Structure formats: C-alpha cells, structure tokens
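To start, the structure under review is shown below, and the notes come after it.
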Amino acid sequence: MAISTVFEGIRVADFAWVGVGPLVSKYLADHGAEVIRIESSVRPEPLRRAPPFANDEPGLDNSGYYADFNSSKQCVSLNLQHPDGVRIAKRIVEHCDIVTESFTPKAMRAWGMTYEDLYEVRPDLIMISMPMYGLTGPWSMWQGYGHVLQAAAGISHLTAYPGEEPIGTGVAYTDFLVPHFAASALLAALDHRHRTGEGQNIDFGQMEAAIHATETMVLDYTVNGREQQPLGAGHPDYRPYGTYQCAARGEDDDRWIAITVTSEAELASLADVAGQPSWTSLEADALDSEIASWTRTQQGEELMQQLQSAGVPAGVVQTPEDLRGDPQLAHRGHFWMLDHPTMGHRAYDGPSFRLSETPAELTKAAPLLGEDNEYVYKDIVGMSDDEYVEHLVSGAFD
Amino acid sequence: MTTQAAAGPLAPFRVIDLTNELGQLAGRMLGDLGAEVIKVEQPGGDESRFIGPFRGDVVDPEYSLHWWTFNANKLGATLDLTTTGGQELFTRLLDSADFLIETCPPDAAAALGLGVETVRSSHPRLVHTSITPFGREGPYANWKATDLVGTAMGGLSSLCGAPGRPPIRPTASQGFTQASAQAVVGTLIAHYQRTKTGRGQHVDQSMQEAVTFTHDNASPTWDIRGINNGRPGNGREIGGYKSGQYVYEAADGYVAALSYGGLFGLTARQTIEWLDHHGLAGDLTSDEWLAKLDATQGILIPPTGEDGDHLNDVLVAFCKRFTRAQLVSEAQQIRNGWGIVHTPSDLLENEHLAARDYWTEVEHEEAHVTYPGPWARLSKTPISIRHRAPRIGEHNFYVYGNLLGFSDDEIMQLSDEGAI
C-alpha cells in the first residue's frame, strides 16, 4: 500500500497531551505529516499512565489508551523545566510548520513559548492552542477533562434520563468531538499559508467549539426562551424511537436494539415485521411497551437484519467487542493492526473517512517515550554527537 | 461579538451543499471558515426546513430553528435534481465549485448523477464528499439510520446510560454531529492534496464509523483486556475499571468532578485539605486514606467498593452545602478541574463567554437572534457568522444569474419549467 503523502514535508511539534491535541495531530500523522511528540518522563503525558495496560502491567510504554491516539508519530523526551529545555524546544520548533498544545495558557507563557515568542523563531508558523476555555477570559486558567467539559458545554444537560441528573455520555465526550473542529481550523489555516505564505495563531477554546454540538439548544432558548430537556434515548419529533432490550446472547443478557420510526410507512413496516398490524393504530406509550415485550424474545442481530430489510432504521446497540466483528467496519478497514515493541500486535482506530486517492496510512504503532531522540536531535535539529551526549547527561532529555 | 466582514481562511472557495440533517453541519463549518456555501434545495424547500423546533412554535419552513442553526453562512438556491434540466444546471454549478458535499443514499446516487465515477470524470478537480449512515459501499451501505441508530451501531450508546437500564442517545444528535465534523476534516485533507496536484478526489464519510471514533478508551480496553466498558451511569469507566460518581448536586444545580472530585489521583492531597478547611473531610485526613488516594507516585486506577462509596458519601454531603460557582472556583484554585453543569440559560449568562465576546447577534428580518459564536479564533483569518440561513430560493438570481450567466428571463423560464 502506498504511504499517504498528503502532508509530506509538513512537520509538527506536538506539545499537546491527553485526548484533544493528540487526536488533532493523529489526523496529520496518519496522512503523512512528520509529527514529533514532545514529552517528558519528569511529568509524563497523563495517558501514558492510564489503563488499559498491555498484560495489565502499568508502564509509560504500555498504555493502550495512549497508543490508540498516537499512531504514526515520533516522540522525543525533553524536560521543559531543565535550564536548556525551552531553548532546545525552540530549536525543534524552528524546523516545524505547526505547533500544537493543549495546556492551560499559563504553561506556554511561563516557558516563553507563546505564539508571539515562537513567531520570532519561525515567522510562518501555525500554532494552535487548545485549552478548555480558551487563551483569554476569567476562566482561561481553569483545568478540566472531557467528562467535565461535556457538562460545561450543555451536552450533559441534554444527555440523561428524563427528569434525572445530567450524567452526559459515558465517555470523555468532548475529547472525541472538538478535535474535529480544531483540525478543521488548523487545516484551513494550513491552506491559507500554502496560498499566502502567512502563518497564524489559533485560540481554540474547547467549550466554544463543543457548544456547536448542541443542535438547536441555544436558539430554542434565545428565540423561544425554552430550556430543552433530556429524553433518554428518545427524540422530540419521532416515536417509537428508543432502545429496547433483546433476548440474551449466550450468557450476555445486556443486549439492546435501537428501533426508530420516522414515517407512517416505516411504522407499517415495523408492524409487518412483528406480525402485529394493529400496532399502526396504537397510542405511543402502549406501542413502546408492545415493542419492548416483543424484542425481549428476539436476537438483536437477526431482528436488525429483518427490520433493515423492511426499511426500518434499526441497529443493535453494539459493544466494543461487537465493533471488532462488524462486517461494515471490516469492509471499510476501520481497525489497523500494528506492532508495538512492548505492547505487541494491537488494534488501532483509523480515521472514519476514506479518501479515494490518498487514503490514510497508519505507518507505525505509538512511539516509545523518547524513541526518536537521536533522529530528531541530531538529524533534524542538527546537534553534534558531543552536544547530544552533553544534554543527555545533564538531564535535558529526561 | 458583532458580525464582522473579515474573510475566513477558505474565502476563495465555493461549496455546493446537497445535505440533509445528517450532513448540514459540515457545510455550516465550511461556511464559517469563509467558503461560499450554496445550499441546494428542492423547489418548495428542503425537508429539513420542517424539522423543529420552530420560532414561536409556528410550523413554517422559514421559521425552523434547525434550519437556522445549520444553514447560517450559506446561500440558498432551489433546484430539482430529478429533472433533466435540473441535472444539467447542477453540472454547471459544479463547474464553478471547489467542493461538493452530499448525503445522497448510496442506492440513489447513480440516478441523481452523484455516482463517484460520474462526478470524478466530469469534475476531476472537485473534492466530492459523501456523508452517509454507513459509507457508500459495503454490506450495510444501503441500510437506513437515524441519529440513534448511528450512535447505537457505532457503539457510543453502549457506553451511555446506567447499568440495567436502556442505553441512551448522546444528545443532541451526536451521530450527525460526528459524521459532519469528521467529514470536514477529510474534506480539507483532500483539499490540501489538491493544492499540490490540482486533482480532487472522493471522500467517503460514514456516520457509523465516525461514532466508532468516539469511544474514549473502550476500543483498546476490549483489545487488551477483553472487557467491554459498559454504561457507567453517573460515573466513568476507564480501561474496564469503574470509578465512582462524578456529577454531584450543589446547592443550586450540578457540578462535574472526576475521580471522586479529585480526592483520588494527583490532586488527592490538596483536595482533602480543601474539604478539611471547610471541616468536611471526615476521616480522609488520616495517613491510611492518604496512602490509598495519593497517586502522585503511582498509577491511575481508582478505588472501588466500600472505599469508593465512602468517598462518594463525603462528596455528596460536601457539595450540597455550597453553590456551583463557589465549589468550582475553589476547586480550580487548587488546580482541580471541576466544572459547572450548564443549562442553556446558564450558558447564555456565563461571564467567561461574555468576556470573550462569544455570542453573536445575527440579523433576521424581524429581529436580531443570538447564535453561538466562532468555534475557533484564527488571528489572521477570523471565522464568524456573516449572515443568517437563506430563505427558500433567496439566492436564485445570484446563483443562476451572476454565477451561471442566465438572464432574468431565462431564470424565470427555468422556474416555470420546474427546474428551479
């Protein structure tokens, strides 16, 4: 397979950590950019210390959580607290087109590595800063996590059982939402630079992007004065529209199917598959409980096939295990199997779109901490052997 | 923030947007980035104009807040793609465009002239993006999906909701949102390649696969540990390990505070001190508890069972006594990332967003309407909401006259023929 060369010649200094930043640079790396992660063993990237660990053995080079977000990248170790740390970081940036970071704004200011500082080193640089609440404003120094930010952005307010506490999604949702907005802004800025030669700074406040994922929640309030409320699995306009428990599959009695009806024709088809013509005239609550009783006796996968064949939008609530066996995802080649020096042969998520001419190519598993020190410091930055050893001994590369 | 005239980074480019609710955010994002986006609707108005809620609850194709939200920064032209005349016009529109985004069902694409090969051979320079429920090809390609079916089949709903209760829908319409936002990334990657080669390509975006990319650590957890992360309810699950509650009731609403509010993990020591300062740490100040909670030297696997229950009890009692603002600002002072669970009105009244001049007043016929502001702040090429969503056929004369060169009489004739 040809290596994706869309971003050949584009080099990225990736200071970002956890979810949002690494997922932005993953798009670039998986499409041919040279992405250099800049990390340190003194204050390790938090995901390197988060489970799942290969063989259940904790270790900075053993986290599957970290690995999944950092395919196709390189990694240097660099201690920015070391007296030479920032100077060395700037020497890396000098050779880079893009800088990404996701700290609270205090960090880059303290190190003297704001956009204004790095502009002096590399005038056509594109820098994207992705703090939770943006680079300015009274909350700009606040920390957070994806779980918390989905709540701050209003997503958790809507994602809950009706009338209950705002639990939100079960994942650090905005970590998997805002990177697409950030990457879009970054790619547009890269296009601008390609045409004009001009770089720029991007202040990406994660909350401000996440609010765009609340559909009509804002306008319903600003226009109608209405605070939209959570509906569980439901939808404001359609019924039936929900998740229904299916028959157990082997030992597993937690199998569910989503069945949704958006037209009279789909309702008639659903009634037909169930062999219950009277369903088309049932009241919504009664129909819901009829469907629930029926699905409890059905295997979800078979029922999904029958309903889809009849034109009813329906699908099993798939688990991570199910996804690995999903024929559609397999057809698209979503999961990539890559060999990692300490973690072994592991599955990685690839991008969700297919480019017909230059598809993504996950060129390697996630990097070990400091795996590419020699290449980056000597071949890119241009350190001599003596200089390299001097920094190594002094602890600059810790 | 007031509407500004500054050009966004994609100002030189034109997008033809033929999307339904599955993909409308994609065109909106490209419009926000400065591209000229022409939303092509069927004569009489796009079906998504009938998606609620509506202004004043009046069902009217010009009053759909769904339409307003997802079609701001777009121009509107009507076109009947089921007629020969309409398809000819569409081909000419594509001649003038840099991007085509569409949500045509795969089995209907050929009949509408939207087959991948058809578009590529007539418009090799175009970046053609398809957003479909499962992708243009494959065993499920012609299956139907609503937003909930997308979040179910993509696996996110299996991680949303409480144990023993029905999985819930990541709201509002996160399946559509993910499909659209990830499609923009793919589209702009294809665009960058075109800047080097002059050739476009097809971008095949699947909603299901977009949702599959939102699993947090569930995918490697299955791969490595053979465990399915489940529905954590009011909690979180990481690597197959369950942690306690993370949404707590304050005196005036809810706060979100991960890892037992920071009592466990890197912030354990200072969080215990904070609770103790209010006289509410209970026995957590003991060395025994500190040894269990302080993870500054260790790894991040949270306490469970009785220990977890005890931490929850302490936090539940603590949070009830204070307002959200006090809890979160005090937590942040000790570098502990608590946040406020915002309702819509909270957001509109939020001091931080106000200080950043986030909300944008957009002019409509009757009044100004407040919209969410820019989702990124680009220093040289700022993005903004330049104008409201189009009325039905509002820009027909611009599109067919100025862009395609038809005279007013010819446009009236196209209208009479039903092509537009």
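Letters for chains follow the order of the structure tokens (A, B, ...), residue numbers begin at 1 for each chain, and ligand numbers begin at 1 in the order shown.
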Each segment 165-272 of chain A residue no farther than 12 Å from segment 7-14 of chain A, nearest pair in Å, only C-alpha atoms, as JSON lines:
```
{"residue": "A:Leu186", "atom": "CA", "partner": "A:Val12", "partner_atom": "CA", "distance": 11.6}
{"residue": "A:Leu187", "atom": "CA", "partner": "A:Phe7", "partner_atom": "CA", "distance": 10.5}
{"residue": "A:Leu190", "atom": "CA", "partner": "A:Ile10", "partner_atom": "CA", "distance": 9.8}
{"residue": "A:Asp191", "atom": "CA", "partner": "A:Phe7", "partner_atom": "CA", "distance": 11.5}
{"residue": "A:Arg193", "atom": "CA", "partner": "A:Ile10", "partner_atom": "CA", "distance": 11.9}
{"residue": "A:His194", "atom": "CA", "partner": "A:Ile10", "partner_atom": "CA", "distance": 11.1}
```
Taking the DSSP secondary structure from the backbone, can you list the residues of segment 286-390 of chain A that are strand (DSSP E), as a ChimeraX atom specification? /A:314-316,335-340,344-349,353-355
Extract, using only C-alpha atoms, all DNA, RNA and protein residues at most 12 Å from Ile227 of chain B, discarding same-chain residues fewer than 6 positions from it, and format them as a PyMOL selection string. (chain A and resi 52+319-322) or (chain B and resi 217-221+237-242)
Resulting file, chosen residues, N, CA and C atoms, as a short mmCIF file (atom, residue, chain, number, x, y, z; two decimals), in the first residue's frame:
```
data_model
loop_
_atom_site.label_atom_id
_atom_site.label_comp_id
_atom_site.auth_asym_id
_atom_site.auth_seq_id
_atom_site.Cartn_x
_atom_site.Cartn_y
_atom_site.Cartn_z
N PRO A 52 -6.21 1.04 29.62
CA PRO A 52 -5.69 -0.32 29.82
C PRO A 52 -4.21 -0.45 29.51
N THR A 319 -21.42 -3.19 21.21
CA THR A 319 -20.38 -3.01 22.22
C THR A 319 -19.03 -2.91 21.50
N PRO A 320 -17.99 -2.53 22.24
CA PRO A 320 -16.66 -2.51 21.62
C PRO A 320 -16.31 -3.86 20.99
N GLU A 321 -16.69 -4.94 21.65
CA GLU A 321 -16.44 -6.28 21.09
C GLU A 321 -17.19 -6.44 19.76
N ASP A 322 -18.46 -6.04 19.74
CA ASP A 322 -19.25 -6.16 18.51
C ASP A 322 -18.59 -5.41 17.36
N ASN B 217 -11.51 5.11 25.77
CA ASN B 217 -10.54 4.00 25.81
C ASN B 217 -11.21 2.65 25.60
N ALA B 218 -12.48 2.63 25.14
CA ALA B 218 -13.21 1.36 25.09
C ALA B 218 -12.62 0.41 24.06
N SER B 219 -12.13 0.96 22.96
CA SER B 219 -11.60 0.10 21.91
C SER B 219 -10.31 -0.61 22.36
N PRO B 220 -9.29 0.12 22.85
CA PRO B 220 -8.11 -0.60 23.36
C PRO B 220 -8.41 -1.45 24.60
N THR B 221 -9.43 -1.07 25.37
CA THR B 221 -9.76 -1.88 26.55
C THR B 221 -10.26 -3.26 26.13
N GLU B 237 -15.87 4.92 33.42
CA GLU B 237 -15.20 3.64 33.34
C GLU B 237 -13.97 3.85 32.48
N ILE B 238 -12.84 3.44 32.98
CA ILE B 238 -11.60 3.66 32.25
C ILE B 238 -10.81 2.36 32.25
N GLY B 239 -10.56 1.87 31.08
CA GLY B 239 -9.78 0.64 30.95
C GLY B 239 -10.47 -0.54 31.59
N GLY B 240 -11.80 -0.51 31.70
CA GLY B 240 -12.51 -1.60 32.33
C GLY B 240 -12.63 -1.43 33.84
N TYR B 241 -12.05 -0.36 34.39
CA TYR B 241 -12.16 -0.09 35.82
C TYR B 241 -13.23 0.96 36.05
N LYS B 242 -14.16 0.65 36.94
CA LYS B 242 -15.22 1.60 37.23
C LYS B 242 -14.77 2.56 38.32
#
```
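Nearest to Thr159 of chain A of all the residues A:His235, A:His334, A:Lys73, A:Lys364 is A:His235, counting only C-alpha atoms.
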What lies within 7 Å of Ile202 of chain A using only C-alpha atoms, ignoring chain neighbours under 6 positions off, as a PyMOL selection string? (chain A and resi 127-129) or (chain B and resi 376-379)
For Leu93 of chain B, please output as number ranges by chain all residues within 9 Å (counting only C-alpha atoms; exclusion window: fewer than 2 positions along the same chain). B: 16, 88-91, 95-97, 399-400, 403-404
Can I get the selected residues back with C-alpha atoms, as a short mmCIF file (atom, residue, chain, number, x, y, z; two decimals), in the first residue's frame?
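The result, stored in part-v6.cif:
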```
data_model
loop_
_atom_site.label_atom_id
_atom_site.label_comp_id
_atom_site.auth_asym_id
_atom_site.auth_seq_id
_atom_site.Cartn_x
_atom_site.Cartn_y
_atom_site.Cartn_z
CA ILE B 16 -22.20 23.08 -3.24
CA GLU B 88 -27.84 20.00 -16.38
CA LEU B 89 -27.92 23.07 -14.17
CA PHE B 90 -26.35 21.09 -11.35
CA THR B 91 -23.46 20.06 -13.60
CA ASP B 95 -18.20 23.57 -12.88
CA SER B 96 -17.98 26.68 -10.74
CA ALA B 97 -17.38 24.86 -7.45
CA VAL B 399 -26.52 31.72 -8.38
CA TYR B 400 -28.16 31.28 -11.77
CA LEU B 403 -22.55 32.67 -11.37
CA LEU B 404 -24.01 30.75 -14.29
#
```
